[in-house]
Amino acid sequence: MQITKLGMIQEIIRNLTSALSAASLYSPGHQRVIEHFARLTDTFRVYQSKETELLLARVEDELLFQGKPLAKTPNLEKLLRYCADQNVGFIRFSEGFTVNELQQLVKVLLGKDSIESLRLMTSYIQVGGVEAPSDENVRAISSFEDLSDEEKKGLHEQFDHVAEQGVLDITQMSSLVAGFIKAFRQNINPFLALVPLREMDEYTFTHSVNVGILNIAQGVSLGIEGQMLHDLGLAGMLHDVGKIFVDREVLNKAGKLDQDEFEMIQQHPHRGAQYLMNQEGVPKLAVFSAFEHHIRYDMGGYPKVPAGWQLNICSQMTMISDVFDALRTRRTYKNSWDFSKTSGLLLNNSGTQLNPDLTLNFLKVLAQMGEDIESFVDNAEDIEAMDAIIGCSCSIENPRCG
Ligand SMILES: [Fe+2]
Ligand SMILES: [Fe+2]
């Protein structure tokens with residue numbers, strides 16, 4: 001029976017994961033491991049009669065071959081876990097690799113040796129980290145004013161007219177995110193890049209850019225790099241995209257919302273995720289964040305999800321950025337808060353609405369930026385006012401803010 005190319009790849013993956021399991025039980029040089037290497041090599045020989053190399057790229061929980069996700073099998077998922085644990089972004093096999101080199105690959109995937117060790121040993125098996133697109137030609141954006149009027153107009157249109165156009169062009173947002181990341185690399189205070197307050201009409205736009213920047217700031221501080229960091233920034237920029245489908249009058253209404261209006265706004269996570277799922281080039285993290293950014297750490301909030309639902313870490317980071325920016329720029333019904341008050345408010349809600357570890361990390365980021373987070377509000381009147389905001393009519397609970 002003739003085995004297809006995809007069948008051969010699955011066979012190679014099966015032998016690699018079997019070798020990994022055997023090597024973790026015994027050792028990379030054990031006879032059982034070598035047997036799997038022999039089968040892997042045999043399959044590769046047949047494979048290489050059709051292709052010169054085999055490149056497997058990991059993008060989150062998918063393994064891509066020639067840009068397309070391979071069918072999920074238990075072995076493939078196992079390999080993905082090994083790759084994720086060692087932060088491996090791709091594996092490339094070329095004709096000519098040896099058993100010794102396969103052993104080294106296994107050591108790398110088991111975390112017993114570095115990616116660099118394999119690079120020094122061979123070019124027949126290459127393993128790469130999770131890499132971001134090259135930022136050689138990217139211009140650092142350290143302030144909103146670094147953008148030309150044309151760029152601002154283009155971005156604005158993305159947010160304003162996406163509902164009519166139906167199609168989202170991710171390119172411009174993507175280069176904005178790359179620009180912010182580059183500025184961060186140059187140690188520029190990310191808070192300087194936050195978009196200044198604008199008219200309410202521009203709220204979704206300015207808020208979205210800010211949440212993108214704050215997500216990047218959190219990501220950098222947590223050591224997230226490469227493509228993942230880029231996707232995290234994009235996820236922030238796109239988290240509220242569903243609001244584009246909500247009536248603008250309802251969105252900007254200054255008074256109390258009636259039940260229908262409230263329900264209308266509560267649809268934005270679902271609408272946004274659905275929309276993003278159908279757009280080309282949108283990272284999965286952005287879809288998760290759009291859907292989950294109003295679901296609290298204690299699983300309250302909205303939309304309601306089945307028991308046992310696991311919130312994506314990126315959504316939880318987006319929620320923190322979201323709440324922070326909403327409070328920072330509150331102006332329809334409250335004056336904006338200063339940094340220390342807002343930090344105190346975040347702290348008060350850590351563990352219930354917000355992921356406590358991520359909140360602490362975010363406060364550290366704020367502290368590094370020279371903000372005095374210690375001066376927590378202890379004035380009864382302020383606390384009452386903040387409770388009113390966090391408890392019922394703002395941020396997480398009030399979808400207008402988040
Ligand atoms: Fe939202
Ligand atoms: Fe938001």
# chains A, B, ... in the order shown; residues from 1 in each chain; ligands from 1
$ residues_around --residues "His239 (chain A)" --least-positions-apart "2" --cutoff "7 Å" --atoms "only C-alpha atoms" --output "list in words"
Ala235, Gly236, Met237, Val241, Ala286, Ser289 and Ala290 of chain A
$ residues_near_ligand --ligand "ligand 1" --cutoff "12 Å" --atoms "only C-alpha atoms and all ligand atoms" --output "MDAnalysis selection string"
chainID A and resid 203:204 207:208 211 235:244 246 251 265:273 289:295 301:303 315 318:323 325:326 394:402
$ closest_residue --among "A:Gln368, A:Gln103, A:Asn348, A:Asn137" --to "Ala19 (chain A)" --atoms "only C-alpha atoms"
A:Gln103
$ atom_distance --atom1 "CA of Thr342 (chain A)" --atom2 "CA of Asn252 (chain A)"
22.3 Å
$ closest_residue --among "A:Trp309, A:Val177, A:Leu285, A:Thr206" --to "ligand 2" --atoms "only C-alpha atoms and all ligand atoms"
A:Thr206
$ residues_around --residues "region 92-96 of chain A" --least-positions-apart "6" --cutoff "12 Å" --atoms "only C-alpha atoms" --output "PyMOL selection string"
chain A and resi 9+12-13+16+40-58+64-66+102+105+118-119+122-128
$ write_last_selection --atoms "C-alpha atoms" --output "CSV table (one decimal), in the first residue's frame"
chain,number,residue,atom,x,y,z
A,9,ILE,CA,4.9,13.0,8.1
A,12,ILE,CA,7.8,10.5,11.4
A,13,ILE,CA,6.0,12.4,14.2
A,16,LEU,CA,9.8,11.0,17.1
A,40,LEU,CA,12.0,7.5,11.5
A,41,THR,CA,15.0,7.5,9.2
A,42,ASP,CA,13.5,4.8,6.9
A,43,THR,CA,10.3,6.9,6.6
A,44,PHE,CA,12.2,10.0,5.9
A,45,ARG,CA,14.1,8.3,3.1
A,46,VAL,CA,10.8,7.6,1.3
A,47,TYR,CA,9.6,11.1,2.1
A,48,GLN,CA,12.7,12.7,0.7
A,49,SER,CA,12.1,11.1,-2.7
A,50,LYS,CA,9.2,13.7,-2.9
A,51,GLU,CA,10.5,16.6,-0.9
A,52,THR,CA,14.0,17.9,-0.1
A,53,GLU,CA,13.2,18.8,3.5
A,54,LEU,CA,10.5,18.5,6.1
A,55,LEU,CA,9.7,21.7,8.0
A,56,LEU,CA,7.2,21.5,10.9
A,57,ALA,CA,6.2,24.9,12.3
A,58,ARG,CA,4.4,25.3,15.6
A,64,LEU,CA,1.9,23.5,10.3
A,65,PHE,CA,3.3,21.8,7.2
A,66,GLN,CA,3.7,24.0,4.2
A,102,LEU,CA,18.4,12.7,16.3
A,105,LEU,CA,17.2,16.7,19.0
A,118,LEU,CA,22.0,21.3,18.1
A,119,ARG,CA,22.7,24.3,15.9
A,122,THR,CA,24.4,20.0,12.6
A,123,SER,CA,22.6,21.8,9.9
A,124,TYR,CA,20.6,18.6,8.9
A,125,ILE,CA,18.3,19.0,11.8
A,126,GLN,CA,17.4,22.6,12.7
A,127,VAL,CA,15.3,23.7,15.6
A,128,GLY,CA,14.2,27.3,16.1
$ residues_around --residues "region 217-219 of chain A" --least-positions-apart "3" --cutoff "12 Å" --atoms "only C-alpha atoms" --output "number ranges by chain"
A: 177, 180-185, 187-194, 210-214, 222-236, 313-314, 316-321, 357-366, 368-369
$ atom_distance --atom1 "CA of Glu261 (chain A)" --atom2 "CA of Gly300 (chain A)"
19.9 Å
$ closest_residue --among "A:Tyr297, A:Ile216, A:Asn15, A:Leu327" --to "ligand 2" --atoms "only C-alpha atoms and all ligand atoms"
A:Leu327
$ select_by_dssp --residues "region 114-318 of chain A" --states "strand (DSSP E or B)" --output "VMD selection string"
chain A and resid 125 to 129 295 301
$ write_last_selection --atoms "N, CA and C atoms" --output "PDB file, in the first residue's frame"
ATOM      1  N   ILE A 125      19.484  18.874  10.984  1.00  0.00           N
ATOM      2  CA  ILE A 125      18.275  19.018  11.809  1.00  0.00           C
ATOM      3  C   ILE A 125      18.373  20.401  12.447  1.00  0.00           C
ATOM      4  N   GLN A 126      17.392  21.229  12.134  1.00  0.00           N
ATOM      5  CA  GLN A 126      17.414  22.575  12.713  1.00  0.00           C
ATOM      6  C   GLN A 126      16.182  22.768  13.589  1.00  0.00           C
ATOM      7  N   VAL A 127      16.402  23.423  14.696  1.00  0.00           N
ATOM      8  CA  VAL A 127      15.304  23.730  15.605  1.00  0.00           C
ATOM      9  C   VAL A 127      15.378  25.213  15.888  1.00  0.00           C
ATOM     10  N   GLY A 128      14.228  25.880  15.852  1.00  0.00           N
ATOM     11  CA  GLY A 128      14.235  27.323  16.110  1.00  0.00           C
ATOM     12  C   GLY A 128      13.276  27.679  17.219  1.00  0.00           C
ATOM     13  N   GLY A 129      13.562  28.789  17.877  1.00  0.00           N
ATOM     14  CA  GLY A 129      12.677  29.286  18.918  1.00  0.00           C
ATOM     15  C   GLY A 129      11.438  29.902  18.296  1.00  0.00           C
ATOM     16  N   ILE A 295     -15.029  38.000  30.762  1.00  0.00           N
ATOM     17  CA  ILE A 295     -15.246  36.898  31.704  1.00  0.00           C
ATOM     18  C   ILE A 295     -14.229  37.064  32.833  1.00  0.00           C
ATOM     19  N   GLY A 301     -19.222  37.568  35.091  1.00  0.00           N
ATOM     20  CA  GLY A 301     -19.140  38.415  33.894  1.00  0.00           C
ATOM     21  C   GLY A 301     -19.877  37.798  32.717  1.00  0.00           C
TER      22      GLY A 301
END
